[in-house]
Each structure stands twice: as structure tokens, then as C-alpha cells.
Amino acid sequence: MTQTYTVAVVGATGAVGEVMLSILHERRFPIKEIIALASERSAGEKVDFGNQKLTVRDLATFDPKGVDIALFSAGGAISKQYAAKFAAAGAIVIDNSSAFRMDDDVPLVVAEVNPEALSNIPRGIVANPNCSTMQMLVALAPIHRAVGIERINVATYQSVSGGGRSAMEELGKQTAAIMGFKDPDPQRFPVQIAFNLIPHIDDFMDNGYTREEMKLVWETQKILGDKNIQVNPTAVRVPVFFGHSEAVHIETRNKISADEARALLEKAPGVVVVDERKPGGYPTPVTHASGKDPVFVGRIREDVSHPRGLDLWVVSDNIRKGAALNAVQLAELVLKNRA
């Protein structure tokens with residue numbers, strides 16, 4: 001008889017929380033009881049779990065005793081307040097925020113890249129990486145293992161869903177307003193997002209980069225276990241609802257051809273190569289990534305400006321693989337390690 005587990009989803013009414021519930025059901029996670037948790041103002045609401053309607057419970061008054069797996073996606077402040085309480089009660093916490101990612105005693109894990117990091121979870125907390133780091137490393141890890149990567153130049157083109165429901169609503173409202181010849185009235189973003197690009201995600205830091213950009217630096221080095229990898233990122237918010245895209249330019253330690261890289265990626269777990277040199281022969285967030293699990297890679301070509309350079313275009317659904325799916329995959333791996 002298959003063992004079943006009590007699973008709690010913290011932030012169940014949010015965009016990522018809802019997809020976590022959906023993926024748990026889709027993948028037939030061995031659930032004994034599923035618990036939807038959110039803030040007091042959301043308590044009593046209903047959320048979908050397959051054919052069931054779950055009543056959302058108040059996180060602040062919930063007793064975590066008996067919970068085996070807790071998937072957190074309610075923001076860093078909530079994670080810092082409650083994750084340790086769930087872990088102390090015996091749960092393995094898989095946290096989607098940035099609260100613990102760079103803590104030395106918290107593994108930061110991409111399921112296809114460094115699952116071995118789950119062998120030691122001293123605080124009972126596992127960190128889910130940033131969505132942009134996640135999709136980039138699913139694509140780059142096979143190349144790094146084969147020939148080594150010295151430097152990554154990456155520009156991310158990130159959909160508004162990365163900013164939550166309010167960001168998606170703002171894009172929709174502004175688009176409708178502009179089409180009706182009305183003022184777009186920015187509220188959620190510092191400037192208009194509809195029909196525009198914003199080279200600014202998260203807070204600016206003293207070095208001129210944003211925190212979102214620096215996450216790509218810090219998290220890449222930790223996940224790949226290589227402090228020598230140089231990462232130079234620019235993060236841009238684009239008027240797309242779902243799916244982040246990345247123009248990735250790498251310099252490898254040893255030469256690898258585009259054909260060799262393509263062959264590696266075609267065998268890599270979690271990767272789908274869409275790389276035909278014709279119109280439409282490349283992945284886009286709308287036509288390929290939105291609502292799908294894989295990381296899609298195209299435009300694979302050798303860098304004409306560097307003897308060991310390689311260029312790739314990487315696209316993935318930031319809510320699915322970039323957050324919810326990886327969290328569920330990590331929960332599956334934790335249970336597999338326990339068996």
C-alpha cells in the first residue's frame with residue numbers, strides 16, 4: 001500500500017499557490033490530506049483541488065502538527081514568520097520566496113540540476129530558486145557539466161505574472177485603457193507596462209544592479225557549486241502575461257559547438273529543444289511555454305565574437321516550472337529519499 005502524506009499549501013489563494021494545488025493533483029502526489037492556508041482575510045474562501053473545493057484556513061491560527069510537507073508561496077515575510085514553526089512541528093518546508101535561498105544550511109535546489117543537495121536538510125527547509133535562475137540553469141547545467149562555463153551574460157524578459165495578480169491586472173487594465181484612447185495610469189509599476197518594456201525588477205542596489213539581477217548571480221553560483229562562474233544580468237519586465245524569456249550568452253572553459261550543445265540539450269531532463277532556422281522555429285512564451293512544464297531552448301548558435309562563446313534563447317512558464325512545479329518535484333524527491 002502506497003504511503004500517503006499530509007500536505008499544506010501556504011498562500012493557496014495566490015497565483016503560484018493555485019498552480020501548486022493543480023500540479024499536486026495532476027501528478028497524483030500521494031496525499032492523505034491537503035490543507036489550503038492563507039491570511040485571515042482569505043480564510044473561508046474556496047480553492048480548487050481537482051474536483052474538490054477546499055476551504056481556505058487561516059495560517060495565523062493553524063497548528064502545523066501532523067503536516068508532512070508544507071509548500072510556501074506567500075512571500076518572504078510570511079516564510080520568515082512561519083516556515084520554522086512548520087519545520088519544528090515535523091514538516092519539510094519547501095519555500096518559494098527568497099527568504100532562505102542564500103542561507104548556507106538551506107539547500108537551494110532545481111530538481112533537474114542538483115537533486116543531491118536534498119540529502120541534507122538540517123533546518124527542515126528547502127529553498128526554491130528564483131524563476132529566472134531556475135529556467136536558465138535547467139538549460140545550462142548540462143553544458144556546464146560537459147565543458148564548464150566561465151561567464152554568463154543574460155538579459156531576462158520577464159512576464160508580469162512574476163509580479164503577482166496585481167501586476168497582471170495592471171497590464172490588462174492599461175491595455176484596455178490605451179485601446180480606448182485613455183490614460184494608462186500606472187499604479188503597480190513605476191511606469192506604463194502595456195506596450196512598453198521596463199528595465200527594472202525589484203529594488204536597486206548600491207552596485208547599480210537590481211536585487212532580481214543579483215539573484216541570478218548568487219543563486220547560479222550556489223546551485224552549480226561554482227563560485228568562479230561570472231554572471232552579468234539585466235532583468236526587464238515585458239507586457240506578457242505568462243512565461244519568462246532569456247537571451248543567454250555563455251563563455252565556456254572548453255569549446256563546444258552549437259551542434260554538440262543541441263545534442264546535449266535534446267537529452268537533458270526538463271528541456272525541449274525548438275531550434276529550426278526558419279520563421280517560427282524558436283520558442284516563445286505564448287506559443288510554447290505558457291501552461292507547459294518544460295524549459296524550451298532555441299536560437300542555439302556559436303558566438304561570432306568569442307572563440308568559446310555560445311548563444312541560446314530560453315523560455316519557460318515562470319509560474320509552473322519557475323515556481324509551482326519545481327516545488328512539487330522537490331517534495332517528490334524528498335519523499336523518494338525517505339523511502
# chains A, B, ... in the order shown; residues from 1 in each chain; ligands from 1
>>> closest_atom_pairs(of="stretch 69-171 of chain A", to="stretch 208-228 of chain A", cutoff="7 Å", atoms="only C-alpha atoms", output="CSV")
residue,atom,partner,partner_atom,distance
A:Leu108,CA,A:Ile223,CA,6.3
A:Val109,CA,A:Ile223,CA,6.5
A:Asn114,CA,A:Ile223,CA,6.7
A:Thr133,CA,A:Leu216,CA,5.3
>>> residues_around(residues="stretch 116-130 of chain A", least_positions_apart="3", cutoff="7 Å", atoms="only C-alpha atoms", output="ChimeraX atom specification")
/A:87,91-96,100-101,105-109,133-134,327,334
>>> closest_residue(among="A:Ala77, A:Ala38, A:Leu71, A:Ile143", to="A:Ala323", atoms="only C-alpha atoms")
A:Leu71
>>> residues_around(residues="A:Ile198", least_positions_apart="6", cutoff="7 Å", atoms="only C-alpha atoms", output="VMD selection string")
chain A and resid 236 to 238
>>> write_last_selection(atoms="N, CA, C and O atoms", output="short mmCIF file (atom, residue, chain, number, x, y, z; two decimals), in the first residue's frame")
data_model
loop_
_atom_site.label_atom_id
_atom_site.label_comp_id
_atom_site.auth_asym_id
_atom_site.auth_seq_id
_atom_site.Cartn_x
_atom_site.Cartn_y
_atom_site.Cartn_z
N VAL A 236 14.41 42.60 -17.30
CA VAL A 236 13.45 43.51 -17.94
C VAL A 236 12.04 42.95 -17.78
O VAL A 236 11.80 41.76 -18.02
N ARG A 237 11.10 43.80 -17.36
CA ARG A 237 9.69 43.40 -17.31
C ARG A 237 9.05 43.72 -18.66
O ARG A 237 9.22 44.83 -19.18
N VAL A 238 8.31 42.75 -19.21
CA VAL A 238 7.72 42.90 -20.54
C VAL A 238 6.21 42.68 -20.46
O VAL A 238 5.71 42.01 -19.56
#
>>> select_by_dssp(residues="stretch 126-287 of chain A", states="strand (DSSP E)", output="ChimeraX atom specification")
/A:126-127,149-158,230-237,244-252,271-273
>>> closest_atom_pairs(of="stretch 25-77 of chain A", to="stretch 8-20 of chain A", cutoff="7 Å", atoms="only C-alpha atoms", output="tab-separated table")
residue	atom	partner	partner_atom	distance
A:Ile34	CA	A:Ala8	CA	5.9
A:Ile35	CA	A:Ala8	CA	4.6
A:Ala36	CA	A:Val9	CA	5.2
A:Leu37	CA	A:Val10	CA	4.7
A:Ala38	CA	A:Gly11	CA	4.8
A:Val47	CA	A:Thr13	CA	6.9
A:Val67	CA	A:Ala8	CA	6.7
A:Ile69	CA	A:Ala8	CA	6.4
A:Ala70	CA	A:Ala8	CA	4.7
A:Leu71	CA	A:Val9	CA	4.8
A:Phe72	CA	A:Val10	CA	4.7
A:Ser73	CA	A:Gly11	CA	5.1
A:Ala74	CA	A:Gly11	CA	4.5
>>> write_last_selection(atoms="N, CA, C and O atoms", output="JSON list (two decimals), in the first residue's frame")
[["chain", "number", "residue", "atom", "x", "y", "z"],
["A", 34, "ILE", "N", -5.03, 17.33, 2.18],
["A", 34, "ILE", "CA", -4.49, 18.55, 1.58],
["A", 34, "ILE", "C", -5.11, 19.74, 2.29],
["A", 34, "ILE", "O", -6.33, 19.81, 2.47],
["A", 35, "ILE", "N", -4.28, 20.67, 2.73],
["A", 35, "ILE", "CA", -4.72, 21.81, 3.53],
["A", 35, "ILE", "C", -4.34, 23.09, 2.81],
["A", 35, "ILE", "O", -3.18, 23.30, 2.46],
["A", 36, "ALA", "N", -5.32, 23.94, 2.57],
["A", 36, "ALA", "CA", -5.10, 25.24, 1.92],
["A", 36, "ALA", "C", -5.04, 26.31, 3.00],
["A", 36, "ALA", "O", -5.97, 26.46, 3.79],
["A", 37, "LEU", "N", -3.94, 27.07, 3.01],
["A", 37, "LEU", "CA", -3.73, 28.10, 4.03],
["A", 37, "LEU", "C", -3.46, 29.45, 3.38],
["A", 37, "LEU", "O", -2.83, 29.52, 2.33],
["A", 38, "ALA", "N", -3.94, 30.50, 4.02],
["A", 38, "ALA", "CA", -3.68, 31.86, 3.55],
["A", 38, "ALA", "C", -3.91, 32.80, 4.73],
["A", 38, "ALA", "O", -4.09, 32.37, 5.88],
["A", 47, "VAL", "N", -10.89, 27.11, -2.85],
["A", 47, "VAL", "CA", -9.92, 26.92, -3.93],
["A", 47, "VAL", "C", -10.08, 25.51, -4.48],
["A", 47, "VAL", "O", -10.54, 24.60, -3.79],
["A", 67, "VAL", "N", 1.62, 17.90, 9.77],
["A", 67, "VAL", "CA", 1.89, 18.22, 8.37],
["A", 67, "VAL", "C", 3.23, 17.60, 7.97],
["A", 67, "VAL", "O", 4.23, 17.77, 8.67],
["A", 69, "ILE", "N", 4.55, 17.75, 4.51],
["A", 69, "ILE", "CA", 5.16, 18.63, 3.50],
["A", 69, "ILE", "C", 4.39, 19.95, 3.51],
["A", 69, "ILE", "O", 3.15, 19.97, 3.43],
["A", 70, "ALA", "N", 5.11, 21.07, 3.59],
["A", 70, "ALA", "CA", 4.48, 22.39, 3.52],
["A", 70, "ALA", "C", 5.10, 23.16, 2.36],
["A", 70, "ALA", "O", 6.31, 23.40, 2.34],
["A", 71, "LEU", "N", 4.28, 23.50, 1.38],
["A", 71, "LEU", "CA", 4.72, 24.28, 0.23],
["A", 71, "LEU", "C", 4.35, 25.74, 0.49],
["A", 71, "LEU", "O", 3.17, 26.08, 0.58],
["A", 72, "PHE", "N", 5.36, 26.59, 0.61],
["A", 72, "PHE", "CA", 5.14, 28.00, 0.93],
["A", 72, "PHE", "C", 5.27, 28.86, -0.32],
["A", 72, "PHE", "O", 6.27, 28.79, -1.03],
["A", 73, "SER", "N", 4.26, 29.68, -0.58],
["A", 73, "SER", "CA", 4.35, 30.68, -1.64],
["A", 73, "SER", "C", 3.51, 31.89, -1.26],
["A", 73, "SER", "O", 2.53, 32.24, -1.92],
["A", 74, "ALA", "N", 3.91, 32.52, -0.17],
["A", 74, "ALA", "CA", 3.15, 33.66, 0.34],
["A", 74, "ALA", "C", 4.04, 34.87, 0.61],
["A", 74, "ALA", "O", 3.64, 35.81, 1.29]]
>>> closest_residue(among="A:Ala339, A:Ala263, A:Ala176, A:Cys131", to="A:Gly243", atoms="only C-alpha atoms")
A:Cys131
>>> select_by_dssp(residues="stretch 60-218 of chain A", states="alpha helix (DSSP H)", output="tab-separated table (two decimals) with C-alpha atoms, in the first residue's frame")
chain	number	residue	atom	x	y	z
A	76	GLY	CA	9.39	36.26	2.23
A	77	ALA	CA	7.90	37.92	5.31
A	78	ILE	CA	5.39	35.10	5.80
A	79	SER	CA	8.07	32.48	5.23
A	80	LYS	CA	10.35	34.06	7.83
A	81	GLN	CA	7.47	34.15	10.31
A	82	TYR	CA	6.04	30.66	9.82
A	83	ALA	CA	8.43	28.30	7.99
A	84	ALA	CA	10.49	27.45	11.07
A	85	LYS	CA	7.28	26.71	13.03
A	86	PHE	CA	6.20	24.16	10.43
A	87	ALA	CA	9.68	22.63	10.35
A	88	ALA	CA	9.79	22.43	14.15
A	131	CYS	CA	12.12	31.69	-11.53
A	132	SER	CA	14.69	33.24	-13.90
A	133	THR	CA	17.60	31.37	-12.33
A	134	MET	CA	15.63	28.14	-12.42
A	135	GLN	CA	14.88	28.04	-16.13
A	136	MET	CA	18.35	29.27	-17.08
A	137	LEU	CA	20.10	26.54	-15.11
A	138	VAL	CA	17.89	23.73	-16.40
A	139	ALA	CA	19.28	24.72	-19.82
A	140	LEU	CA	22.86	25.50	-18.80
A	141	ALA	CA	23.66	22.73	-16.31
A	142	PRO	CA	24.23	20.04	-18.99
A	143	ILE	CA	26.64	22.36	-20.80
A	144	HIS	CA	28.44	23.31	-17.60
A	145	ARG	CA	28.92	19.64	-16.72
A	146	ALA	CA	30.25	18.87	-20.18
A	147	VAL	CA	32.68	21.73	-20.82
A	165	ARG	CA	-2.15	39.20	-9.63
A	166	SER	CA	-1.96	42.96	-9.24
A	167	ALA	CA	0.68	43.14	-11.98
A	168	MET	CA	-1.41	41.04	-14.37
A	169	GLU	CA	-4.46	43.18	-13.65
A	170	GLU	CA	-2.50	46.34	-14.37
A	171	LEU	CA	-1.36	45.05	-17.77
A	172	GLY	CA	-4.94	44.13	-18.65
A	173	LYS	CA	-6.40	47.43	-17.48
A	174	GLN	CA	-3.71	49.53	-19.17
A	175	THR	CA	-4.09	47.64	-22.45
A	176	ALA	CA	-7.84	48.23	-22.41
A	177	ALA	CA	-7.37	51.88	-21.47
A	178	ILE	CA	-4.86	52.57	-24.25
A	179	MET	CA	-7.02	50.82	-26.85
A	211	ARG	CA	18.08	42.62	-6.47
A	212	GLU	CA	16.35	40.48	-9.13
A	213	GLU	CA	19.52	40.68	-11.22
A	214	MET	CA	21.80	39.82	-8.33
A	215	LYS	CA	19.67	36.76	-7.52
A	216	LEU	CA	20.81	35.37	-10.86
A	217	VAL	CA	24.43	35.85	-9.78
A	218	TRP	CA	24.17	34.49	-6.23
>>> residues_around(residues="A:Asp58", least_positions_apart="4", cutoff="9 Å", atoms="only C-alpha atoms", output="list of chain:residue names")
A:Ala36, A:Leu37, A:Ala38, A:Ser39, A:Glu40, A:Arg41, A:Ser42, A:Ala43, A:Gly44, A:Phe62
>>> write_last_selection(atoms="N, CA and C atoms", output="compact mmCIF listing (two decimals), in the first residue's frame")
# COMPACT_ATOMS: atom_id res chain seq x y z
N ALA A 36 -5.32 23.94 2.57
CA ALA A 36 -5.10 25.24 1.92
C ALA A 36 -5.04 26.31 3.00
N LEU A 37 -3.94 27.07 3.01
CA LEU A 37 -3.73 28.10 4.03
C LEU A 37 -3.46 29.45 3.38
N ALA A 38 -3.94 30.50 4.02
CA ALA A 38 -3.68 31.86 3.55
C ALA A 38 -3.91 32.80 4.73
N SER A 39 -3.91 34.08 4.45
CA SER A 39 -4.08 35.08 5.51
C SER A 39 -5.53 35.09 6.01
N GLU A 40 -5.72 35.75 7.12
CA GLU A 40 -7.06 35.82 7.73
C GLU A 40 -8.10 36.37 6.76
N ARG A 41 -7.71 37.34 5.91
CA ARG A 41 -8.69 37.95 5.01
C ARG A 41 -9.15 36.98 3.92
N SER A 42 -8.35 35.94 3.64
CA SER A 42 -8.73 34.95 2.63
C SER A 42 -9.37 33.71 3.24
N ALA A 43 -9.32 33.59 4.57
CA ALA A 43 -9.89 32.41 5.22
C ALA A 43 -11.38 32.30 4.90
N GLY A 44 -11.80 31.08 4.61
CA GLY A 44 -13.20 30.85 4.25
C GLY A 44 -13.44 30.81 2.75
N PHE A 62 -3.46 28.29 12.52
CA PHE A 62 -3.34 26.87 12.16
C PHE A 62 -2.22 26.20 12.96
>>> atom_distance(atom1="atom CA of A:Pro307", atom2="atom CA of A:Lys255")
7.5 Å
>>> atom_distance(atom1="atom CA of A:Trp313", atom2="atom CA of A:Val248")
6.1 Å
>>> closest_residue(among="A:Pro294, A:Gly50, A:Gly148, A:Pro64", to="A:Thr252", atoms="only C-alpha atoms")
A:Gly148
>>> atom_distance(atom1="atom CA of A:Arg253", atom2="atom CA of A:Val231")
14.4 Å
